[in-house]
Amino acid sequence: MAKIGNWGSYLKFMTSDETVLTFTDMTRKGTVRVAKHNLINRKPELEFIGPDLQTVTFKMELNALLGTRPRKQEEKLYKKMNAGAVAPLVIGGRKVLSRAIITGISSAYNIVIKRGEVLSMTLNITMTEYH
């Protein structure tokens, strides 16, 4: 089994002979806070206030053929988001966010078979640094 990373004990990114649970298109965004001071007959001046919270977004392809139960994994992540679960986001052994909370999930049901069973689903997840 190859461990890729994790969000605490709630979500483990990995690949093995039985299961593939990974992500794609990960982006990390950091910004700073500034105050804009308007001046008469001059350009405004900016004042650095400090860093803002970082965000990370990524896509997860949940596929039953790759050993993941899409609806079960989706429900688990929605439950953790709604409970306000906080954990470190670690990728490749390095902390991307020391404390992260899921602030958004969108689900796309890609393949649905008989009786409404979901074979393939894509989740778009947004995590935000938690202080």
# chains A, B, ... in the order shown; residues from 1 in each chain; ligands from 1

$ residues_around --residues "range 82-89 of chain A" --least-positions-apart "4" --cutoff "9 Å" --atoms "only C-alpha atoms" --output "PyMOL selection string"
chain A and resi 5-10+77-78+94-103+127+130

$ select_by_dssp --residues "chain A" --states "helix (DSSP H, G or I)" --output "PyMOL selection string"
chain A and resi 64-66+70-83+114-116

$ write_last_selection --atoms "N, CA, C and O atoms" --output "PDB file, in the first residue's frame"
ATOM      1  N   ALA A  64     -16.428   2.802  -7.506  1.00  0.00           N
ATOM      2  CA  ALA A  64     -16.640   1.496  -6.878  1.00  0.00           C
ATOM      3  C   ALA A  64     -15.711   0.443  -7.476  1.00  0.00           C
ATOM      4  O   ALA A  64     -15.312  -0.494  -6.785  1.00  0.00           O
ATOM      5  N   LEU A  65     -15.355   0.585  -8.747  1.00  0.00           N
ATOM      6  CA  LEU A  65     -14.453  -0.386  -9.378  1.00  0.00           C
ATOM      7  C   LEU A  65     -13.027  -0.280  -8.853  1.00  0.00           C
ATOM      8  O   LEU A  65     -12.216  -1.169  -9.069  1.00  0.00           O
ATOM      9  N   LEU A  66     -12.728   0.823  -8.152  1.00  0.00           N
ATOM     10  CA  LEU A  66     -11.399   1.016  -7.570  1.00  0.00           C
ATOM     11  C   LEU A  66     -11.407   0.808  -6.053  1.00  0.00           C
ATOM     12  O   LEU A  66     -10.531   1.289  -5.344  1.00  0.00           O
ATOM     13  N   PRO A  70     -18.591   5.046  -3.210  1.00  0.00           N
ATOM     14  CA  PRO A  70     -18.745   6.495  -3.383  1.00  0.00           C
ATOM     15  C   PRO A  70     -19.728   7.154  -2.419  1.00  0.00           C
ATOM     16  O   PRO A  70     -19.389   8.164  -1.796  1.00  0.00           O
ATOM     17  N   ARG A  71     -20.946   6.625  -2.295  1.00  0.00           N
ATOM     18  CA  ARG A  71     -21.934   7.272  -1.427  1.00  0.00           C
ATOM     19  C   ARG A  71     -21.492   7.254   0.034  1.00  0.00           C
ATOM     20  O   ARG A  71     -21.682   8.225   0.759  1.00  0.00           O
ATOM     21  N   LYS A  72     -20.896   6.161   0.467  1.00  0.00           N
ATOM     22  CA  LYS A  72     -20.443   6.052   1.857  1.00  0.00           C
ATOM     23  C   LYS A  72     -19.343   7.077   2.144  1.00  0.00           C
ATOM     24  O   LYS A  72     -19.363   7.747   3.179  1.00  0.00           O
ATOM     25  N   GLN A  73     -18.392   7.218   1.220  1.00  0.00           N
ATOM     26  CA  GLN A  73     -17.300   8.187   1.408  1.00  0.00           C
ATOM     27  C   GLN A  73     -17.845   9.617   1.367  1.00  0.00           C
ATOM     28  O   GLN A  73     -17.449  10.464   2.172  1.00  0.00           O
ATOM     29  N   GLU A  74     -18.782   9.878   0.461  1.00  0.00           N
ATOM     30  CA  GLU A  74     -19.392  11.209   0.375  1.00  0.00           C
ATOM     31  C   GLU A  74     -20.108  11.550   1.684  1.00  0.00           C
ATOM     32  O   GLU A  74     -19.925  12.647   2.232  1.00  0.00           O
ATOM     33  N   GLU A  75     -20.911  10.632   2.193  1.00  0.00           N
ATOM     34  CA  GLU A  75     -21.648  10.871   3.433  1.00  0.00           C
ATOM     35  C   GLU A  75     -20.703  11.113   4.606  1.00  0.00           C
ATOM     36  O   GLU A  75     -20.952  11.972   5.448  1.00  0.00           O
ATOM     37  N   LYS A  76     -19.614  10.358   4.645  1.00  0.00           N
ATOM     38  CA  LYS A  76     -18.635  10.520   5.724  1.00  0.00           C
ATOM     39  C   LYS A  76     -18.029  11.928   5.700  1.00  0.00           C
ATOM     40  O   LYS A  76     -17.924  12.588   6.729  1.00  0.00           O
ATOM     41  N   LEU A  77     -17.676  12.416   4.505  1.00  0.00           N
ATOM     42  CA  LEU A  77     -17.070  13.739   4.408  1.00  0.00           C
ATOM     43  C   LEU A  77     -18.074  14.851   4.713  1.00  0.00           C
ATOM     44  O   LEU A  77     -17.729  15.831   5.374  1.00  0.00           O
ATOM     45  N   TYR A  78     -19.321  14.709   4.249  1.00  0.00           N
ATOM     46  CA  TYR A  78     -20.350  15.695   4.601  1.00  0.00           C
ATOM     47  C   TYR A  78     -20.571  15.731   6.110  1.00  0.00           C
ATOM     48  O   TYR A  78     -20.736  16.803   6.703  1.00  0.00           O
ATOM     49  N   LYS A  79     -20.568  14.562   6.733  1.00  0.00           N
ATOM     50  CA  LYS A  79     -20.765  14.487   8.186  1.00  0.00           C
ATOM     51  C   LYS A  79     -19.630  15.210   8.920  1.00  0.00           C
ATOM     52  O   LYS A  79     -19.874  15.977   9.858  1.00  0.00           O
ATOM     53  N   LYS A  80     -18.390  14.992   8.480  1.00  0.00           N
ATOM     54  CA  LYS A  80     -17.240  15.655   9.110  1.00  0.00           C
ATOM     55  C   LYS A  80     -17.283  17.163   8.879  1.00  0.00           C
ATOM     56  O   LYS A  80     -16.951  17.940   9.765  1.00  0.00           O
ATOM     57  N   MET A  81     -17.717  17.581   7.682  1.00  0.00           N
ATOM     58  CA  MET A  81     -17.834  19.016   7.404  1.00  0.00           C
ATOM     59  C   MET A  81     -18.887  19.642   8.314  1.00  0.00           C
ATOM     60  O   MET A  81     -18.640  20.675   8.944  1.00  0.00           O
ATOM     61  N   ASN A  82     -20.051  19.015   8.400  1.00  0.00           N
ATOM     62  CA  ASN A  82     -21.146  19.572   9.199  1.00  0.00           C
ATOM     63  C   ASN A  82     -20.863  19.546  10.694  1.00  0.00           C
ATOM     64  O   ASN A  82     -21.443  20.322  11.450  1.00  0.00           O
ATOM     65  N   ALA A  83     -19.954  18.669  11.126  1.00  0.00           N
ATOM     66  CA  ALA A  83     -19.570  18.614  12.537  1.00  0.00           C
ATOM     67  C   ALA A  83     -18.431  19.587  12.855  1.00  0.00           C
ATOM     68  O   ALA A  83     -18.077  19.778  14.017  1.00  0.00           O
ATOM     69  N   LYS A 114     -28.504   0.666 -11.916  1.00  0.00           N
ATOM     70  CA  LYS A 114     -29.843   0.262 -11.471  1.00  0.00           C
ATOM     71  C   LYS A 114     -30.012   0.425  -9.967  1.00  0.00           C
ATOM     72  O   LYS A 114     -29.072   0.309  -9.203  1.00  0.00           O
ATOM     73  N   ARG A 115     -31.224   0.712  -9.582  1.00  0.00           N
ATOM     74  CA  ARG A 115     -31.625   0.974  -8.197  1.00  0.00           C
ATOM     75  C   ARG A 115     -30.922   2.190  -7.596  1.00  0.00           C
ATOM     76  O   ARG A 115     -30.826   2.321  -6.378  1.00  0.00           O
ATOM     77  N   GLY A 116     -30.388   3.051  -8.451  1.00  0.00           N
ATOM     78  CA  GLY A 116     -29.768   4.284  -7.976  1.00  0.00           C
ATOM     79  C   GLY A 116     -28.407   4.117  -7.338  1.00  0.00           C
ATOM     80  O   GLY A 116     -27.904   5.036  -6.690  1.00  0.00           O
TER      81      GLY A 116
END

$ select_by_dssp --residues "chain A" --states "strand (DSSP E)" --output "ChimeraX atom specification"
/A:2-7,11-15,20-21,24-29,32-37,45-51,55-63,86-91,94-112,118-129

$ residues_around --residues "Leu46 in chain A" --least-positions-apart "3" --cutoff "7 Å" --atoms "only C-alpha atoms" --output "list in words"
Val34, Ala35, Lys36 and His37 of chain A

$ atom_distance --atom1 "CA of Thr22 in chain A" --atom2 "CA of Ile113 in chain A"
23.0 Å

$ atom_distance --atom1 "CA of Thr27 in chain A" --atom2 "CA of Ile125 in chain A"
10.7 Å

$ closest_residue --among "A:Val20, A:Ile49, A:Ala2, A:Ile111" --to "Val32 in chain A" --atoms "only C-alpha atoms"
A:Ile49
